[in-house]
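Quick look at my_file-v4.tsv (TSV, C-alpha atoms):
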chain	number	residue	atom	x	y	z
G	1	MET	CA	-10.38	-8.57	17.24
G	2	SER	CA	-8.16	-6.99	14.62
G	3	LEU	CA	-8.37	-8.04	10.98
G	4	LEU	CA	-4.61	-8.52	10.56
G	5	SER	CA	-2.03	-8.83	13.33
G	6	ALA	CA	1.65	-9.64	13.72
G	7	ARG	CA	3.45	-10.74	16.87
G	8	ASP	CA	7.24	-11.02	17.26
G	9	LEU	CA	7.52	-11.27	13.48
G	10	VAL	CA	11.00	-12.14	12.19
G	11	TYR	CA	12.32	-12.94	8.73
G	12	THR	CA	15.93	-13.95	8.14
G	13	TYR	CA	17.41	-14.42	4.68
G	14	SER	CA	20.04	-17.18	4.18
G	15	GLN	CA	19.61	-18.32	7.78
G	16	GLY	CA	22.59	-20.26	9.10
G	17	SER	CA	24.89	-19.19	6.28
G	18	PRO	CA	27.65	-16.54	6.14
G	19	LEU	CA	25.16	-14.36	4.22
G	20	GLU	CA	22.55	-14.45	6.99
G	21	HIS	CA	20.59	-11.20	7.11
G	22	ILE	CA	17.65	-10.23	9.32
G	23	ALA	CA	15.20	-8.28	7.16
G	24	VAL	CA	12.33	-8.02	9.66
G	25	ASN	CA	13.06	-8.13	13.38
G	26	LYS	CA	10.42	-8.63	16.11
G	27	VAL	CA	7.65	-6.60	14.54
G	28	ASP	CA	4.24	-6.26	16.25
G	29	PHE	CA	1.13	-4.51	14.93
G	30	ASP	CA	-2.65	-4.67	14.58
G	31	ILE	CA	-4.59	-3.47	11.51
G	32	GLU	CA	-8.35	-2.99	11.58
G	33	GLN	CA	-10.94	-3.63	8.88
G	34	GLY	CA	-11.27	-0.72	6.45
G	35	GLU	CA	-8.03	1.09	7.33
G	36	PHE	CA	-5.74	2.64	4.72
G	37	ILE	CA	-2.21	1.98	5.97
G	38	GLY	CA	1.01	3.49	4.62
G	39	VAL	CA	4.39	1.76	4.92
G	40	ILE	CA	7.52	3.88	4.57
G	41	GLY	CA	11.22	3.34	5.21
G	42	HIS	CA	14.62	3.70	3.60
G	43	THR	CA	15.75	1.19	0.96
G	44	GLY	CA	16.53	-2.11	2.68
G	45	SER	CA	14.50	-1.29	5.80
G	46	GLY	CA	12.33	-4.40	5.43
G	47	LYS	CA	9.17	-2.99	3.83
G	48	SER	CA	8.86	-5.42	0.92
G	49	THR	CA	9.84	-8.44	3.01
G	50	LEU	CA	7.19	-7.48	5.56
G	51	VAL	CA	4.33	-7.23	3.07
G	52	GLN	CA	5.37	-10.45	1.32
G	53	MET	CA	4.93	-12.23	4.64
G	54	LEU	CA	1.46	-10.76	5.11
G	55	ASN	CA	-0.01	-12.74	2.22
G	56	GLY	CA	2.00	-15.89	2.80
G	57	LEU	CA	4.46	-15.43	-0.04
G	58	LEU	CA	7.27	-15.64	2.53
G	59	LYS	CA	6.98	-17.75	5.67
G	60	PRO	CA	8.19	-16.01	8.86
G	61	THR	CA	11.37	-17.31	10.41
G	62	ALA	CA	9.71	-16.68	13.78
G	63	GLY	CA	6.55	-15.08	15.12
G	64	THR	CA	2.99	-15.19	13.85
G	65	ILE	CA	0.66	-13.42	11.44
G	66	THR	CA	-3.05	-13.77	12.11
G	67	LEU	CA	-5.97	-13.01	9.80
G	68	ASP	CA	-9.30	-12.76	11.65
G	69	GLY	CA	-7.53	-14.21	14.67
G	70	VAL	CA	-6.24	-17.33	12.84
G	71	ASN	CA	-2.55	-17.99	12.21
G	72	ILE	CA	-2.19	-17.90	8.40
G	73	TRP	CA	0.37	-20.73	8.58
G	74	ALA	CA	-1.77	-22.97	10.82
G	75	LYS	CA	-2.52	-25.08	7.71
G	76	PRO	CA	0.43	-24.63	5.32
G	77	LYS	CA	-1.31	-26.58	2.54
G	78	GLU	CA	-4.08	-23.97	2.54
G	79	ILE	CA	-1.84	-20.90	2.32
G	80	ARG	CA	-3.12	-20.36	-1.24
G	81	LYS	CA	-6.50	-19.39	0.22
G	82	ILE	CA	-4.78	-16.63	2.22
G	83	ARG	CA	-3.42	-15.13	-1.01
G	84	PHE	CA	-6.95	-14.77	-2.33
G	85	ARG	CA	-7.91	-12.83	0.82
G	86	VAL	CA	-4.70	-10.78	1.02
G	87	GLY	CA	-3.89	-9.59	-2.49
G	88	LEU	CA	-0.37	-8.36	-3.22
G	89	VAL	CA	0.53	-6.08	-6.13
G	90	PHE	CA	4.29	-6.07	-6.69
G	91	GLN	CA	6.39	-3.13	-7.77
G	92	TYR	CA	6.23	-2.90	-11.59
G	93	PRO	CA	3.37	-5.45	-11.70
G	94	GLU	CA	3.03	-5.00	-15.47
G	95	TYR	CA	6.03	-7.30	-15.86
G	96	GLN	CA	3.75	-10.13	-14.65
G	97	LEU	CA	1.26	-9.75	-17.50
G	98	PHE	CA	1.34	-12.82	-19.73
G	99	GLU	CA	-2.10	-13.73	-21.13
G	100	GLU	CA	-3.35	-13.24	-24.70
G	101	THR	CA	-5.77	-10.47	-23.72
G	102	VAL	CA	-6.20	-7.97	-20.93
G	103	ALA	CA	-9.48	-9.63	-19.95
G	104	LYS	CA	-7.79	-13.02	-19.55
G	105	ASP	CA	-5.04	-11.49	-17.45
G	106	ILE	CA	-7.55	-9.84	-15.10
G	107	ALA	CA	-9.55	-13.10	-14.99
G	108	TYR	CA	-6.53	-15.22	-14.00
G	109	GLY	CA	-6.99	-14.84	-10.24
G	110	PRO	CA	-10.78	-15.27	-10.15
G	111	THR	CA	-10.46	-18.32	-12.42
G	112	ASN	CA	-8.03	-19.94	-9.98
G	113	MET	CA	-10.50	-19.24	-7.21
G	114	GLY	CA	-12.89	-21.63	-8.93
G	115	LEU	CA	-15.63	-19.08	-9.64
G	116	ASP	CA	-18.22	-19.65	-12.35
G	117	GLN	CA	-17.78	-17.94	-15.70
G	118	GLU	CA	-20.52	-15.34	-15.17
G	119	GLU	CA	-19.00	-14.25	-11.85
G	120	ILE	CA	-15.53	-14.09	-13.42
G	121	GLU	CA	-16.77	-11.89	-16.27
G	122	ASP	CA	-18.53	-9.54	-13.83
G	123	ARG	CA	-15.37	-9.23	-11.75
G	124	VAL	CA	-13.23	-8.50	-14.80
G	125	VAL	CA	-15.55	-5.72	-15.95
G	126	ASN	CA	-15.87	-4.20	-12.47
G	127	ALA	CA	-12.13	-4.37	-11.71
G	128	ALA	CA	-11.29	-2.75	-15.05
G	129	LYS	CA	-13.78	0.01	-14.28
G	130	PHE	CA	-12.27	0.59	-10.83
G	131	VAL	CA	-8.80	1.19	-12.28
G	132	GLY	CA	-10.02	3.26	-15.22
G	133	LEU	CA	-9.42	0.81	-18.06
G	134	LYS	CA	-11.75	1.37	-21.01
G	135	SER	CA	-13.86	-1.64	-22.00
G	136	GLU	CA	-12.40	-1.69	-25.53
G	137	LEU	CA	-8.96	-2.43	-24.07
G	138	LEU	CA	-10.09	-5.74	-22.56
G	139	SER	CA	-9.86	-7.56	-25.88
G	140	LYS	CA	-6.37	-6.22	-26.64
G	141	SER	CA	-3.06	-7.87	-25.86
G	142	PRO	CA	-1.66	-6.46	-22.60
G	143	PHE	CA	1.57	-5.80	-24.48
G	144	ASP	CA	-0.22	-3.30	-26.71
G	145	LEU	CA	-1.13	-1.09	-23.77
G	146	SER	CA	0.71	2.01	-22.60
G	147	GLY	CA	2.85	1.82	-19.48
G	148	GLY	CA	0.15	3.32	-17.28
G	149	GLU	CA	-2.53	1.06	-18.76
G	150	LYS	CA	-0.40	-2.03	-18.13
G	151	ARG	CA	0.02	-0.96	-14.52
G	152	ARG	CA	-3.74	-0.54	-14.11
G	153	ALA	CA	-4.44	-3.89	-15.79
G	154	ALA	CA	-2.08	-5.69	-13.40
G	155	ILE	CA	-3.69	-4.02	-10.38
G	156	ALA	CA	-7.15	-4.89	-11.74
G	157	GLY	CA	-6.10	-8.55	-11.75
G	158	VAL	CA	-5.63	-8.44	-7.98
G	159	ILE	CA	-8.72	-6.31	-7.34
G	160	ALA	CA	-10.79	-8.85	-9.33
G	161	MET	CA	-10.15	-11.40	-6.57
G	162	ASP	CA	-11.93	-9.01	-4.18
G	163	PRO	CA	-9.35	-9.43	-1.41
G	164	ASP	CA	-10.16	-8.40	2.15
G	165	ILE	CA	-6.77	-6.69	2.16
G	166	LEU	CA	-5.11	-5.11	-0.89
G	167	ILE	CA	-1.35	-4.57	-0.57
G	168	LEU	CA	0.42	-2.38	-3.12
G	169	ASP	CA	4.22	-2.27	-3.16
G	170	GLU	CA	5.27	1.02	-4.80
G	171	PRO	CA	2.34	1.03	-7.29
G	172	CYS	CA	3.24	4.46	-8.69
G	173	ALA	CA	6.95	3.77	-9.25
G	174	GLY	CA	8.14	4.89	-12.67
G	175	LEU	CA	4.94	6.71	-13.61
G	176	ASP	CA	4.91	10.35	-14.67
G	177	PRO	CA	3.27	12.83	-12.23
G	178	VAL	CA	-0.08	12.80	-14.05
G	179	GLY	CA	-0.17	8.99	-14.24
G	180	ARG	CA	0.79	8.74	-10.57
G	181	ASP	CA	-1.96	11.11	-9.47
G	182	ILE	CA	-4.57	9.26	-11.54
G	183	LEU	CA	-3.57	5.85	-10.22
G	184	LEU	CA	-3.41	7.04	-6.61
G	185	ALA	CA	-6.88	8.58	-6.93
G	186	GLN	CA	-8.23	5.31	-8.33
G	187	ILE	CA	-6.74	3.31	-5.46
G	188	TYR	CA	-8.22	5.79	-2.98
G	189	ASN	CA	-11.64	5.58	-4.65
G	190	TYR	CA	-11.46	1.78	-4.59
G	191	HIS	CA	-10.81	1.90	-0.86
G	192	LYS	CA	-13.68	4.31	-0.20
G	193	GLU	CA	-16.19	2.45	-2.36
G	194	ARG	CA	-15.33	-1.09	-1.29
G	195	GLY	CA	-14.36	-0.43	2.31
G	196	ASN	CA	-11.55	-3.00	2.05
G	197	THR	CA	-8.29	-2.59	3.94
G	198	VAL	CA	-5.47	-1.16	1.81
G	199	ILE	CA	-1.74	-1.23	2.62
G	200	LEU	CA	0.39	1.09	0.49
G	201	VAL	CA	4.19	0.81	0.43
G	202	SER	CA	5.67	4.00	-0.98
G	203	HIS	CA	8.76	6.18	-1.11
G	204	SER	CA	6.53	9.21	-1.75
G	205	MET	CA	5.75	10.94	1.52
G	206	GLU	CA	3.23	13.11	-0.34
G	207	ASP	CA	1.29	10.07	-1.55
G	208	VAL	CA	1.21	8.51	1.91
G	209	ALA	CA	0.20	11.76	3.58
G	210	THR	CA	-2.60	12.29	1.07
G	211	VAL	CA	-4.42	8.97	1.39
G	212	CYS	CA	-3.31	7.01	4.48
G	213	ASP	CA	-5.01	6.89	7.89
G	214	ARG	CA	-2.01	5.46	9.72
G	215	VAL	CA	1.63	5.02	8.77
G	216	MET	CA	4.17	2.31	9.58
G	217	VAL	CA	7.80	3.44	9.62
G	218	MET	CA	10.33	0.65	9.07
G	219	ASN	CA	13.96	1.29	10.01
G	220	HIS	CA	16.73	-1.32	9.90
G	221	ALA	CA	14.25	-4.22	10.04
G	222	ARG	CA	12.27	-2.81	12.97
G	223	LEU	CA	8.93	-1.03	13.17
G	224	GLU	CA	9.96	2.32	14.64
G	225	MET	CA	6.58	4.11	14.44
G	226	PHE	CA	2.97	3.17	13.75
G	227	ASP	CA	0.61	6.08	14.23
G	228	THR	CA	-1.65	8.52	12.41
G	229	ALA	CA	-0.12	10.20	9.37
G	230	GLN	CA	-0.26	13.56	11.14
G	231	SER	CA	1.52	12.23	14.22
G	232	VAL	CA	4.23	10.45	12.22
G	233	PHE	CA	4.98	13.44	9.99
G	234	SER	CA	5.08	15.71	13.03
G	235	ARG	CA	8.31	13.90	14.00
G	236	GLY	CA	10.43	15.32	11.22
G	237	GLU	CA	13.76	15.19	13.04
G	238	GLU	CA	13.35	11.50	13.89
G	239	LEU	CA	12.35	10.68	10.32
G	240	SER	CA	15.37	12.60	9.02
G	241	GLY	CA	17.59	10.48	11.24
G	242	MET	CA	16.19	7.41	9.47
G	243	GLY	CA	16.94	8.81	6.03
G	244	LEU	CA	13.35	9.89	5.44
G	245	ARG	CA	11.67	13.24	5.02
G	246	VAL	CA	8.31	14.78	5.67
G	247	PRO	CA	6.02	15.91	2.80
G	248	GLN	CA	7.22	19.15	1.21
G	249	ILE	CA	4.22	21.16	2.39
G	250	THR	CA	4.77	19.86	5.94
G	251	SER	CA	8.38	21.02	5.79
G	252	ILE	CA	7.31	24.49	4.60
G	253	ILE	CA	4.79	24.86	7.46
G	254	ASP	CA	7.37	23.62	9.98
G	255	SER	CA	9.78	26.32	8.74
G	256	LEU	CA	7.09	28.99	9.23
G	257	ILE	CA	6.45	27.69	12.76
G	258	GLU	CA	10.19	27.91	13.54
G	259	ALA	CA	10.09	31.50	12.28
G	260	GLY	CA	7.50	32.29	14.95
G	261	ILE	CA	4.24	32.00	12.98
G	262	PRO	CA	1.67	30.13	15.13
G	263	LEU	CA	0.45	27.47	12.69
G	264	GLU	CA	-0.68	23.90	13.33
G	265	LYS	CA	2.14	21.36	13.27
G	266	GLY	CA	1.85	18.24	11.12
G	267	VAL	CA	-0.03	19.80	8.19
G	268	LEU	CA	-0.09	17.24	5.37
G	269	THR	CA	-1.89	18.88	2.44
G	270	VAL	CA	-1.68	22.13	0.51
G	271	ASP	CA	-5.40	22.81	1.12
G	272	LYS	CA	-4.96	22.61	4.88
G	273	ALA	CA	-1.82	24.74	4.73
G	274	VAL	CA	-3.65	27.43	2.76
G	275	LEU	CA	-6.51	27.34	5.28
G	276	GLY	CA	-4.14	27.69	8.24
G	277	ILE	CA	-2.16	30.55	6.69
G	278	THR	CA	-5.37	32.33	5.66
G	279	GLU	CA	-6.76	32.13	9.20
G	280	TYR	CA	-3.48	33.47	10.60
G	281	LEU	CA	-3.44	36.40	8.17
G	282	LYS	CA	-7.08	37.25	9.03
G	283	LYS	CA	-6.24	37.32	12.75
G	284	GLU	CA	-3.31	39.59	12.01
G	285	GLY	CA	-5.59	41.89	9.99
G	286	ARG	CA	-3.66	41.31	6.79
G	287	LEU	CA	-6.64	39.91	4.89
Take the structure from the file and write it as structure tokens.
Amino acid sequence: MSLLSARDLVYTYSQGSPLEHIAVNKVDFDIEQGEFIGVIGHTGSGKSTLVQMLNGLLKPTAGTITLDGVNIWAKPKEIRKIRFRVGLVFQYPEYQLFEETVAKDIAYGPTNMGLDQEEIEDRVVNAAKFVGLKSELLSKSPFDLSGGEKRRAAIAGVIAMDPDILILDEPCAGLDPVGRDILLAQIYNYHKERGNTVILVSHSMEDVATVCDRVMVMNHARLEMFDTAQSVFSRGEELSGMGLRVPQITSIIDSLIEAGIPLEKGVLTVDKAVLGITEYLKKEGRL
């Protein structure tokens, strides 16, 4: 049994009005425990609407979402419990910071879960450590933090709830390249250490290719692809037709293949590209 599944999932905004718009249309998928899933798609493809349904923030117009085989809307009054198990970090989550101190902000979720004070304090410390926040920052106002620190504090607040599934909607948006790389590495380390399922929505093909096991491709409200990162990014022409692109290194290798150099298709990282080119040059006696 899959950890998280969707069947015939539909979400329609302003249903029955002249502004009616289908944002997610008959989507099916299964996600297993411990997977790192990427979600990509052009602006307006349905990515954010999809992930907001996965933790019960939006109720599907039709279809079902199941967590451990149970429909998350089977008991609507208990949907709050689902949000503790499926944590959602919004784009620009630092705008949601509001407490007097960073520690109180991170503790907000665990406190609402009804945990005892000792457990809450342990979770705050551990979550801050996971996202790279120094302990001396916990007593500061969140509004005194840098942009990157605010982002990490907001993410720590969701991690502190120890969700079975952590969903991040464009977590690196607006960060400089160094800040993005640091945050992405911390998310990846969290996934590896905790073994929890992570779902990453991103416009960065490089980020998705670097950390994700499988990739969902949303296109005009439908799930067009759901496969391994290598398989998805091997379909460059199809992605281009959806207004997407492959990672830059993948595009470079594809160009070399078109030029007649026998390299592996679907290369996602610079390290693998260097390895493939080196092996080719050795075979040709050029190294």
Neighbouring residues of Arg151 of chain G were defined as those with any atom within 9 Å, considering all atoms listed in the file; residues of the same chain fewer than 4 positions away were excluded. Please report them as an MDAnalysis selection string. chainID G and resid 92:95 146:147 155:156 171:172 183
For the residues in that selection, give me C-alpha atoms as a PDB file, in the frame of the given file.
ATOM      1  CA  TYR G  92       6.230  -2.900 -11.590  1.00  0.00           C
ATOM      2  CA  PRO G  93       3.370  -5.450 -11.700  1.00  0.00           C
ATOM      3  CA  GLU G  94       3.030  -5.000 -15.470  1.00  0.00           C
ATOM      4  CA  TYR G  95       6.030  -7.300 -15.860  1.00  0.00           C
ATOM      5  CA  SER G 146       0.710   2.010 -22.600  1.00  0.00           C
ATOM      6  CA  GLY G 147       2.850   1.820 -19.480  1.00  0.00           C
ATOM      7  CA  ILE G 155      -3.690  -4.020 -10.380  1.00  0.00           C
ATOM      8  CA  ALA G 156      -7.150  -4.890 -11.740  1.00  0.00           C
ATOM      9  CA  PRO G 171       2.340   1.030  -7.290  1.00  0.00           C
ATOM     10  CA  CYS G 172       3.240   4.460  -8.690  1.00  0.00           C
ATOM     11  CA  LEU G 183      -3.570   5.850 -10.220  1.00  0.00           C
TER      12      LEU G 183
END
Of the candidates G:Ile120, G:Ile82, G:Leu115, G:Leu223, which one gets nearest to Pro163 of chain G if we count only C-alpha atoms?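 The shortest atom-to-atom distance to Pro163 of chain G comes from G:Ile82.
Using only C-alpha atoms, the nearest neighbour of Leu168 of chain G within the list G:Lys192, G:Ser251, G:Arg245, G:Val39 is G:Val39.
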How far is it from atom CA of His220 of chain G to atom CA of Leu54 of chain G, in Å with one decimal? 18.6 Å
Non-local contacts of Arg194 of chain G (10 Å; all atoms listed in the file; under 4 positions in same chain excluded) as a ChimeraX atom specification: /G:34,162,164,189-190
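You can rank G:Ala127, G:Lys150, G:Met53, G:Gly38 by their closest distance to Ala23 of chain G using only C-alpha atoms, and at the top of that list sits G:Met53.
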To one decimal place in Å, what is the distance between atom CA of Val267 of chain G and atom CA of Val27 of chain G?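 Separation of atom CA of Val267 of chain G and atom CA of Val27 of chain G: 28.2 Å.
Put simply, atom CA of Ser202 of chain G is 28.9 Å away from atom CA of Ser141 of chain G.
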May I have the residues within 10 Å of segment 84-89 of chain G as a VMD selection string, using only C-alpha atoms and disregarding those fewer than 3 positions away in the same chain? chain G and resid 4 51 to 52 54 to 57 67 79 to 81 92 to 94 96 109 to 110 112 to 113 151 154 to 171 197 to 200
G:Leu268, G:Leu281, G:Ala273, G:Ile40: which is nearest Leu244 of chain G, counting all atoms listed in the file?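 Of the candidates, the smallest distance to Leu244 of chain G is held by G:Ile40.
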Shortest interatomic distance to Ala185 of chain G - which of G:Met242, G:Val131, G:Val215, G:Ile249, counting only C-alpha atoms: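 Using only C-alpha atoms, Ala185 of chain G sits closest to G:Val131.
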With 4 Å on each side, where is the centre of the axis-aligned box around all listed atoms of segment 279-283 of chain G, and how long are its edges in Å to one decimal, as JSON?
{"center_x": -5.3, "center_y": 34.7, "center_z": 10.5, "size_x": 11.6, "size_y": 13.2, "size_z": 12.6}
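Taking all atoms listed in the file into account, Tyr188 of chain G lies nearest to G:Thr210 out of the set G:Gln15, G:Thr210, G:Gln33, G:Ser255.
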Near Phe98 of chain G, within 9 Å and counting all atoms listed in the file, which residues show up once chain neighbours fewer than 3 positions away are dropped, as number ranges by chain? G: 95, 101, 105, 142-143
Kindly add N, CA and C atoms to the incomplete segment 73-93 of chain G and provide the output as a tab-separated table (two decimals), keeping the file's coordinate frame.
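rebuild36.tsv was written with the following content:
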chain	number	residue	atom	x	y	z
G	73	TRP	N	-0.43	-19.54	8.86
G	73	TRP	CA	0.37	-20.73	8.58
G	73	TRP	C	-0.07	-21.93	9.42
G	74	ALA	N	-1.26	-21.84	10.03
G	74	ALA	CA	-1.77	-22.97	10.82
G	74	ALA	C	-1.95	-24.20	9.95
G	75	LYS	N	-2.35	-23.99	8.68
G	75	LYS	CA	-2.52	-25.08	7.71
G	75	LYS	C	-1.73	-24.71	6.46
G	76	PRO	N	-0.43	-25.05	6.44
G	76	PRO	CA	0.43	-24.63	5.32
G	76	PRO	C	-0.10	-25.02	3.94
G	77	LYS	N	-0.79	-26.15	3.84
G	77	LYS	CA	-1.31	-26.58	2.54
G	77	LYS	C	-2.43	-25.68	2.03
G	78	GLU	N	-2.98	-24.85	2.93
G	78	GLU	CA	-4.08	-23.97	2.54
G	78	GLU	C	-3.65	-22.51	2.43
G	79	ILE	N	-2.34	-22.27	2.37
G	79	ILE	CA	-1.84	-20.90	2.32
G	79	ILE	C	-2.32	-20.18	1.06
G	80	ARG	N	-2.62	-20.95	0.00
G	80	ARG	CA	-3.12	-20.36	-1.24
G	80	ARG	C	-4.41	-19.59	-1.00
G	81	LYS	N	-5.24	-20.07	-0.09
G	81	LYS	CA	-6.50	-19.39	0.22
G	81	LYS	C	-6.24	-18.02	0.84
G	82	ILE	N	-5.15	-17.90	1.60
G	82	ILE	CA	-4.78	-16.63	2.22
G	82	ILE	C	-4.46	-15.60	1.13
G	83	ARG	N	-3.83	-16.06	0.06
G	83	ARG	CA	-3.42	-15.13	-1.01
G	83	ARG	C	-4.61	-14.60	-1.78
G	84	PHE	N	-5.73	-15.30	-1.74
G	84	PHE	CA	-6.95	-14.77	-2.33
G	84	PHE	C	-7.55	-13.69	-1.44
G	85	ARG	N	-7.34	-13.80	-0.12
G	85	ARG	CA	-7.91	-12.83	0.82
G	85	ARG	C	-6.99	-11.63	1.05
G	86	VAL	N	-5.69	-11.85	0.87
G	86	VAL	CA	-4.70	-10.78	1.02
G	86	VAL	C	-3.97	-10.65	-0.31
G	87	GLY	N	-4.46	-9.75	-1.15
G	87	GLY	CA	-3.89	-9.59	-2.49
G	87	GLY	C	-2.67	-8.70	-2.48
G	88	LEU	N	-1.63	-9.11	-3.19
G	88	LEU	CA	-0.37	-8.36	-3.22
G	88	LEU	C	-0.04	-7.93	-4.64
G	89	VAL	N	0.11	-6.64	-4.84
G	89	VAL	CA	0.53	-6.08	-6.13
G	89	VAL	C	1.99	-5.67	-6.00
G	90	PHE	N	2.86	-6.34	-6.77
G	90	PHE	CA	4.29	-6.07	-6.69
G	90	PHE	C	4.66	-4.76	-7.38
G	91	GLN	N	5.85	-4.28	-7.05
G	91	GLN	CA	6.39	-3.13	-7.77
G	91	GLN	C	6.58	-3.52	-9.24
G	92	TYR	N	6.22	-2.62	-10.16
G	92	TYR	CA	6.23	-2.90	-11.59
G	92	TYR	C	5.43	-4.17	-11.92
G	93	PRO	N	4.17	-4.23	-11.50
G	93	PRO	CA	3.37	-5.45	-11.70
G	93	PRO	C	3.11	-5.76	-13.17
